[in-house]
Amino acid sequence: QNITVTGRVTSQADREALPGVSILVKGTSRGTTTNAEGTYSLESEAGATLIFSFIGLKTTEVIVPASGKLDVALESDNTILQEVVVTALGIAKEKKSLGYAVQELKTKDLAEAREGNLVNALAGKIAGVNITSSQGGMGSSRIVIRGETSIAGNNQPLFVVDGIPVDNSQLGAGANGSRDFANAIADINPDNIESISVLKGPNAAALYGSRASNGVILIKTKSGKSTQKGLGVTLNIGYTLDKLLVLPEYQNVFGQGTGGQFSYKDGKGGGINDATDESWGPRMDGRLIPQFFSNGEAVPFVAHPDNVKNFFETGHTRTTGVAVSGSNEKLDYRFSFNNSKQTGVIPNTDISKNSFGANTTYRINDKLTLSTSANFVRTGSDNLPGTSGRGSSVMLQFLWFGRQVDTELLKDYNKGGFDYNWNHSYYSNPYLLQYENTVEQRRDRFFGNVNLNYKITDWLTATVRTGNDYYTDRRKFKVAYGTNGTPFGSYTEDGYAVNENNTDFNFNLHKAIGADFEVDWLVGGSFRYNFSEQNYQQAPKLAVSNLYTLNNSRDPLVSYNVLRKQKVYSGFSSAQIGFRNYAFLNLTARNDWSSTLPAGNNSYFYPSVNASLVLTDAFNIKSNVLTFAKIRGGWAEVGKDTDPYQLINTYPFNQPFGSSPLLTVSDVLLNSNLKPEITRSTEVGLDLALFKNRARLDFSYYNTDSYNQILKADVSPTTGYKQKLLNAGHINNRGFEAMLNIKPIEAESGFKWDVGINFSKNVSKVISLDDEGFLNDYKLGSNGSAAVYASKGLGYGAIFGTAYTRDATGNIVIGANGLPVRDANLKVLGHYTPKWLGGITNSFSFKGFNLSVLIDTKQGGSIYSATNATGKYTGVLVQTLEGRDAAHGGLTYYYPGNNKSGAAVQLGTGGSAPAGEVVYDDGIIAKGVTADGKPNSTIVSAERYYKGVYSNSAGINEASVLDASFIKLREVKLSYVFPQSWVGKYSLQNVVLSVYGRNLAFLQKKADNIDPETAFNTGNTGQGLESLQLPTTSSYGFNLSIGF
Amino acid sequence: CQDDLEEVNNNPNEAIVAQPEYLLANAIKSNADIILGSDASMETTTLYVQHWAKIQYTDPDKYTASVTNIQNVWTNFYSLGLTDFDKVIKLGEESGNVNYQAVGLILKSWSFQMLTDLYGDIPYSQAVKIDQYLTPKYDAQKDVYLGLLNDLKKAGDLINTSGSPISGDLVYNGNLTKWKKFANSLRLRIALRIADKDPATAKSVVAELAANPSLLIAGNDEIAQLIYLSSPNQNPVSRDRETRDDYRVSKSVVDKLLELKDPRLPIFANKTVDATPNNYVGVTNGLLADSAAKLGFTKTSKLGDYFTAPTSPAVFLSYSEVLFNLAEAAQRGFISDDAAALYKNAVTASLQQFKVSSGDITAYLAQPIVAYNAANYKKSIGEQKWIALFSQGLEAYTEWRRLDYPQLKPAYAGVLNGKFPLRLTYPTGEQALNSASYKAAVASQGEDKLTTKLWFDAQ
């Protein structure tokens, strides 16, 4: 006898109604789901069993009472069986059903210890993710997941906010003014983030198409639903101090000059070596020498050991944020405003951000739900730190420096006329660079989406959504009249407008088939349209000083504009078939049509398949040791298009010659037969939970091959071109990741100790670069003769450079001139890619207190350090003291006839030189052997030795390739959640205070003078080549969050 | 949507179709920038030939050639100028404009001539044909010069002064007769280049040209040159001097001009800022950095204002050079003219080119030390040509290697064991990108060193 069963389903934890719980009459295919109020109604026999299931809660079976009235409270399931993660297209799935690795971070991992660039906050927390963070505490950060899969193309993952891709370009990196402009994802405010899921590679991300072969970072922003009932207001206040973490170590014995001599007259060659911007000058022992501040008077020549350090300041960041949110049966909403203002460690640099956000979900009726998200962000800076070039990089001048210079005296750069400085042949006053030659930036960004969800039946929904990310980014570069090297100064305006639009629709079917099978099938299509525009205008020489406008120009303006458009149409489908909730098969398929590829090749299809099996359920293993075990595996392919306009050669314009326009044949021969790049990846994994979840292990192994790589290969210029666009490279990446979570202590008292460990190792190999086999090396970037290559047969990112000549037993060969002999061939000196990465987080919690300590490491990579090469050539670094005088092991010698161009003669211990010969004590006999195998005995001056080895043009790069391995104390954070009893007294909902430090110290660092983990940009060029980096910073701060 | 996709990918930023006049102007400017620029001139040939010397960063002056400089000379000649000239020729063929074809071929030949002068064997017959040759072979220098003689003859014959005009001509403003003269003057230059090694060919070419001397550059108003404009189209030397102060006039030049009481000294060099006995002080080539610096920036002569002016020309081929070449041809018996008279005309043309007054010219020529010495014509012509080609680094360096005069001393602290550089090494890029051809060239020409003597350089 059928009766009508009615009731309400709630969550046991908070007694809230649960909409969308599926209810099935056991042994039948009859079922229903709860409505928005959590109530249901269905026909069933009394005494039948109903199965209530809901993601994240324990599936519960209850017998229908005769009354037909059945309210159920579902328990939350704290086993991982029910763990839910956000996957591609924003679909929440049980983690156990996935055949690939996904790792998730929650808001407290991000917002409670702040970073200027969101990407930095991921460092050390996610296995297989390699972050290279910003220099100077501002600027770009690079992120690579599971190694570089593209030899020449973009290796940055796709960033998706609330299901819609957003832009993460780094525009104008290294262009005019050489600023390290932050990549666009830095606009996202961590306070608005609810969670971040990292889909590591094609297997997880195939559904996102082209850009997913590098992985996807899915960001879910907070919605009103996540707050308590009624109106909630959250206030956030934070403050951070930035201090220098790594600055080069300087010597403080010898000052400016060369050959031990210096005397200042005009700073450009009028005095003795006063154009020389090196520190091979006299001993800073207080001897009297005319200096830049003394008007020709001889004054004491003394050291100022902290002259560089004192130039830098303490950085400050303050953040304020307020969010209002609420939820009722029809509407969830959240509005937020955040403001942050950062001043940098480099004088007169700052970044400010103001962001407004609104998220709403409106349940129009039982079937139709409309969600919207809108964000406006204004990022502005009055001046960003300069990273290279004489006109903007302060580190360039501090590595070519007079160690005696008192930078304090330079603060007034207008003293006695513009550009009062220690040197006038190459540099302007470093304060002048910071205060006059500024680069302003303002980015106004609007991104958001509209999402309409229609529940056609209980088991079929349709979704349509469109998202847009639009910003303008305007930059103003000022170079003051009278700046050294640009006497007339200049003024440049560079403006960008960037738009990305994604529109997609899909049908999602979710249905149980019989008692054993469950099907989740999705089919849809999408359309992506990108455009970007750049307008560049420069007044190359100002007509009058101190006026920055494009009209103020004595030369014609230099101007150009670039417009880029790209469209991609896609159709996709995915299916998940679950068997008895322990075996799952997932299939995806996608076809893209991209505008960037030629007509015959612009449609490309790619599938993926993966499966998972929960062994503990399938074989009904119930054990106190093995709580959960799952194996998974998958195969995926992703096709990838290229940049616009890579097919047909066109003719770029050069600046006109008078009234003659100039056109030229471009340097790159394009390719009208391009095919899409293809990445194929296999992944297998094992998830284990032991001792009732006290220990959990996720292990993944992957093997990724990327074919048909599109790259601009260098060709011999004798062909008439510098590069040819090829479509043939093949690179392999293999590796594994392990994440281990242990709870060593979970005491009755509430004291808990959690340990999270992640470890990953990636091995890459460049299999081929072209079909013809003429290309063996593809240059990714260079610094002088040191260069980073993708070379056939080697791992990605091999550092090539000039090397010592060595004999058969490895001794360095020293020439007749007493200097190491450079090998005629460039050699592989290392790889910038680390051999392995790891992170370990220990967290301790007790009664509202939580202390967590993150230590992370990269081991086994190398870096070419121009800071070391330059500072050793110029004699400013402490390492150049070795052998420089008797006190530092220097040997004594003289030049017969005082002829410094001749060979030096060493004096034995106690020996004395013939009368009239000047004796020097800075002799070095380089360790090594002569060409005939005898130990070297030729003595040279320290200056000649260091200049010989570290010269940019003739030196030996090998001496400046350093081990980039490090262990960093990345983050220490103490947070306290105020007890409800206290909070309630003040009518507050919750109060959380956290204090933290980030990038606190190196526990291990092998590279002298630099921080081995900084990036100049997010691209592939310049990685592994440190180039006079700005010092990196440590930060110390607190964050207070109050909920009303 | 297929059409839509293709349309989206039409490049809206650059010209789809090339106009020959714009390409021509661009490539002329590009080559002019190379011959005066840092890579091919300031940091290499003007130092090797001791026209200029460095007062700071003296490594290049000690013959430590920068890898980048050497690569740039090669890359810029081939991939900037030559591709554009080649395209001008093709556009001329397509449109039937023989004059674009001819001018393109003349400038292309001139580019190859400079390349082979510097490097020796070079890709020539297979160069700039990327569709056919991705790794062009190197041709022997002799074959290159002979090929260029043919190409230039062909180009001269192609010119049709009553045919379709050309524009974008920054050298002669569309005057096709003058282009013909430039082509012939280049042939004369090349003929003498090979005179020691292939006198028969040299003689026949010179004889043909001398039969109609009016078809050679015949006056200082016919010099093949690009006259620069004001900033931003200023002369590369002028641009360099706006922000840099690395160079001085070589002691070799200053001493020689003082010795000859040469009226060109105040044009070539500026007076020292601080007073000095002779007003002019040159810097010895190849000093150690500290010795150079010690000479004092204000106590040594900078390059003359004539050469550092924004509008100072880039000279491709001068009238005086033509006359020196004819003088030498006469001396060698290729033609029957009076060598001494031609020599005197050549010196006069040079003095006039630098606007020396006629009185000074007469006085100068009257000096016995300047008089032509037929017994040692290489000395007379070599020294005067070296002066006349002042700051024309590439041609001066090549002719000095061929004539072996004036007799210079190698850089003071040179790194070549007391030898001079006699060529540029091949750029390192070739070893990686055109390896087999490169190896074959080295096997045939000799070790890839600065001191390896080239084919044309008999002694």
# chains A, B, ... in the order shown; residues from 1 in each chain; ligands from 1

$ interface_residues --of "chain B" --to "chain A" --cutoff "6 Å" --atoms "only C-alpha atoms" --output "ChimeraX atom specification"
/B:5-6,9,11,13-16,22-23,26,66,75,78-79,83-84,127-130,243,297,433

$ write_last_selection --atoms "N, CA, C and O atoms" --output "compact mmCIF listing (two decimals), in the first residue's frame"
# COMPACT_ATOMS: atom_id res chain seq x y z
N LEU B 5 36.66 33.06 -38.82
CA LEU B 5 37.92 32.73 -38.15
C LEU B 5 39.11 33.23 -38.94
O LEU B 5 40.05 33.78 -38.39
N GLU B 6 39.07 33.01 -40.25
CA GLU B 6 40.21 33.44 -41.07
C GLU B 6 40.34 34.96 -41.09
O GLU B 6 41.44 35.49 -41.02
N ASN B 9 42.06 36.51 -38.20
CA ASN B 9 43.51 36.34 -38.14
C ASN B 9 44.28 37.14 -39.19
O ASN B 9 45.46 36.91 -39.41
N ASN B 11 46.35 40.09 -40.10
CA ASN B 11 47.14 41.00 -39.27
C ASN B 11 46.78 42.46 -39.56
O ASN B 11 47.01 42.95 -40.65
N ASN B 13 48.08 45.05 -38.17
CA ASN B 13 49.13 45.95 -37.66
C ASN B 13 50.22 46.26 -38.65
O ASN B 13 50.99 47.20 -38.46
N GLU B 14 50.34 45.44 -39.67
CA GLU B 14 51.48 45.61 -40.58
C GLU B 14 51.00 45.55 -42.03
O GLU B 14 49.93 45.01 -42.31
N ALA B 15 51.86 46.07 -42.91
CA ALA B 15 51.50 46.11 -44.33
C ALA B 15 51.51 44.69 -44.89
O ALA B 15 52.42 43.91 -44.66
N ILE B 16 50.45 44.38 -45.63
CA ILE B 16 50.36 43.05 -46.25
C ILE B 16 51.20 43.05 -47.52
O ILE B 16 51.80 42.06 -47.90
N TYR B 22 59.66 52.03 -50.19
CA TYR B 22 59.80 52.05 -48.74
C TYR B 22 60.86 51.04 -48.30
O TYR B 22 61.61 51.27 -47.35
N LEU B 23 60.87 49.90 -48.99
CA LEU B 23 61.89 48.90 -48.67
C LEU B 23 63.28 49.40 -49.03
O LEU B 23 64.25 49.20 -48.29
N ASN B 26 64.51 51.94 -46.59
CA ASN B 26 64.83 51.28 -45.32
C ASN B 26 66.18 50.58 -45.38
O ASN B 26 67.00 50.69 -44.46
N SER B 66 84.23 41.62 -29.41
CA SER B 66 83.03 41.15 -28.73
C SER B 66 82.23 40.24 -29.65
O SER B 66 82.03 40.51 -30.84
N THR B 75 74.65 39.43 -39.01
CA THR B 75 73.18 39.34 -38.97
C THR B 75 72.55 40.56 -39.64
O THR B 75 71.59 40.42 -40.41
N TYR B 78 73.03 40.59 -43.55
CA TYR B 78 72.24 39.57 -44.23
C TYR B 78 70.74 39.74 -44.03
O TYR B 78 69.98 39.71 -44.97
N SER B 79 70.33 39.88 -42.76
CA SER B 79 68.88 39.77 -42.54
C SER B 79 68.17 41.13 -42.55
O SER B 79 66.96 41.17 -42.61
N THR B 83 67.90 41.17 -47.34
CA THR B 83 66.53 40.69 -47.62
C THR B 83 65.69 41.79 -48.24
O THR B 83 64.87 41.52 -49.12
N ASP B 84 65.87 43.01 -47.76
CA ASP B 84 65.07 44.10 -48.32
C ASP B 84 65.48 44.39 -49.77
O ASP B 84 64.63 44.56 -50.64
N ALA B 127 72.82 32.35 -50.60
CA ALA B 127 72.33 33.19 -49.50
C ALA B 127 71.01 33.87 -49.84
O ALA B 127 70.70 34.08 -51.02
N VAL B 128 70.27 34.21 -48.79
CA VAL B 128 69.01 34.93 -48.92
C VAL B 128 68.03 34.22 -49.87
O VAL B 128 67.37 34.83 -50.69
N LYS B 129 68.01 32.89 -49.74
CA LYS B 129 67.04 32.09 -50.51
C LYS B 129 66.50 31.05 -49.55
O LYS B 129 66.76 29.85 -49.70
N ILE B 130 65.78 31.49 -48.55
CA ILE B 130 65.40 30.57 -47.47
C ILE B 130 64.51 29.44 -47.96
O ILE B 130 64.54 28.35 -47.39
N THR B 243 75.67 60.57 -25.80
CA THR B 243 75.67 60.02 -24.43
C THR B 243 76.95 59.30 -24.07
O THR B 243 77.12 58.90 -22.93
N PHE B 297 90.78 62.53 -20.27
CA PHE B 297 89.74 62.79 -21.27
C PHE B 297 89.89 64.18 -21.87
O PHE B 297 89.51 64.41 -23.02
N LEU B 433 74.11 27.06 -36.23
CA LEU B 433 72.96 27.06 -37.14
C LEU B 433 73.30 26.67 -38.58
O LEU B 433 72.42 26.39 -39.36

$ select_by_dssp --residues "region 239-301 of chain B" --states "alpha helix (DSSP H)" --output "PyMOL selection string"
chain B and resi 239-243+251-259+265-268+289-295

$ residues_around --residues "region 45-52 of chain A" --least-positions-apart "2" --cutoff "7 Å" --atoms "only C-alpha atoms" --output "ChimeraX atom specification"
/A:1-3,21-26,54,59-66

$ atom_distance --atom1 "CA of Ser559 (chain A)" --atom2 "CA of Asn535 (chain A)"
7.6 Å

$ select_by_dssp --residues "region 11-175 of chain B" --states "strand (DSSP E or B)" --output "PyMOL selection string"
chain B and resi 15+52-54+122-123+138-139

$ atom_distance --atom1 "CA of Ile55 (chain B)" --atom2 "CA of Glu43 (chain B)"
12.1 Å

$ residues_around --residues "Gly391 (chain A)" --least-positions-apart "2" --cutoff "9 Å" --atoms "only C-alpha atoms" --output "list of chain:residue names"
A:Gly177, A:Gly386, A:Ser388, A:Gly389, A:Ser393, A:Val394, A:Tyr427, A:Ser428, A:Leu433, A:Asn437, A:Val479, A:Thr483, A:Asn484, A:Gly485, A:Thr486

$ write_last_selection --atoms "N, CA, C and O atoms" --output "tab-separated table (two decimals), in the first residue's frame"
chain	number	residue	atom	x	y	z
A	177	GLY	N	61.81	51.31	-19.96
A	177	GLY	CA	61.82	51.58	-18.53
A	177	GLY	C	62.11	50.35	-17.71
A	177	GLY	O	62.41	50.45	-16.53
A	386	GLY	N	62.56	49.95	-10.74
A	386	GLY	CA	63.23	49.64	-12.01
A	386	GLY	C	64.10	48.42	-11.84
A	386	GLY	O	64.67	48.20	-10.78
A	388	SER	N	66.24	47.12	-14.67
A	388	SER	CA	67.45	47.03	-15.47
A	388	SER	C	67.69	48.32	-16.24
A	388	SER	O	66.77	49.10	-16.44
A	389	GLY	N	68.91	48.50	-16.62
A	389	GLY	CA	69.26	49.68	-17.40
A	389	GLY	C	69.78	50.79	-16.52
A	389	GLY	O	69.38	50.96	-15.37
A	393	SER	N	67.67	51.08	-13.07
A	393	SER	CA	68.05	50.08	-12.07
A	393	SER	C	69.06	50.64	-11.10
A	393	SER	O	70.18	50.99	-11.48
A	394	VAL	N	68.68	50.72	-9.83
A	394	VAL	CA	69.65	51.18	-8.85
A	394	VAL	C	70.69	50.10	-8.57
A	394	VAL	O	71.83	50.40	-8.25
A	427	TYR	N	76.18	57.21	-14.73
A	427	TYR	CA	74.99	57.12	-13.89
A	427	TYR	C	74.45	58.46	-13.48
A	427	TYR	O	75.17	59.42	-13.35
A	428	SER	N	73.16	58.43	-13.23
A	428	SER	CA	72.56	59.53	-12.52
A	428	SER	C	72.41	59.11	-11.06
A	428	SER	O	72.42	57.92	-10.75
A	433	LEU	N	66.96	58.83	-9.86
A	433	LEU	CA	66.27	57.78	-10.63
A	433	LEU	C	64.93	57.45	-9.99
A	433	LEU	O	63.93	57.26	-10.67
A	437	ASN	N	62.72	59.83	-12.36
A	437	ASN	CA	62.49	58.95	-13.51
A	437	ASN	C	61.49	57.87	-13.12
A	437	ASN	O	61.84	56.71	-12.94
A	479	VAL	N	61.48	60.30	-17.95
A	479	VAL	CA	62.93	60.36	-17.77
A	479	VAL	C	63.28	61.84	-17.77
A	479	VAL	O	62.98	62.56	-18.73
A	483	THR	N	69.16	63.67	-17.23
A	483	THR	CA	69.55	62.35	-16.74
A	483	THR	C	70.74	61.85	-17.55
A	483	THR	O	70.77	61.99	-18.77
A	484	ASN	N	71.68	61.26	-16.84
A	484	ASN	CA	72.85	60.74	-17.53
A	484	ASN	C	72.45	59.72	-18.58
A	484	ASN	O	71.66	58.82	-18.31
A	485	GLY	N	73.00	59.85	-19.78
A	485	GLY	CA	72.68	58.91	-20.85
A	485	GLY	C	71.50	59.35	-21.69
A	485	GLY	O	71.37	58.94	-22.84
A	486	THR	N	70.61	60.16	-21.14
A	486	THR	CA	69.49	60.70	-21.92
A	486	THR	C	69.37	62.18	-21.56
A	486	THR	O	68.47	62.57	-20.82

$ residues_around --residues "Ala269 (chain B)" --least-positions-apart "4" --cutoff "6 Å" --atoms "only C-alpha atoms" --output "ChimeraX atom specification"
/B:265,301-304
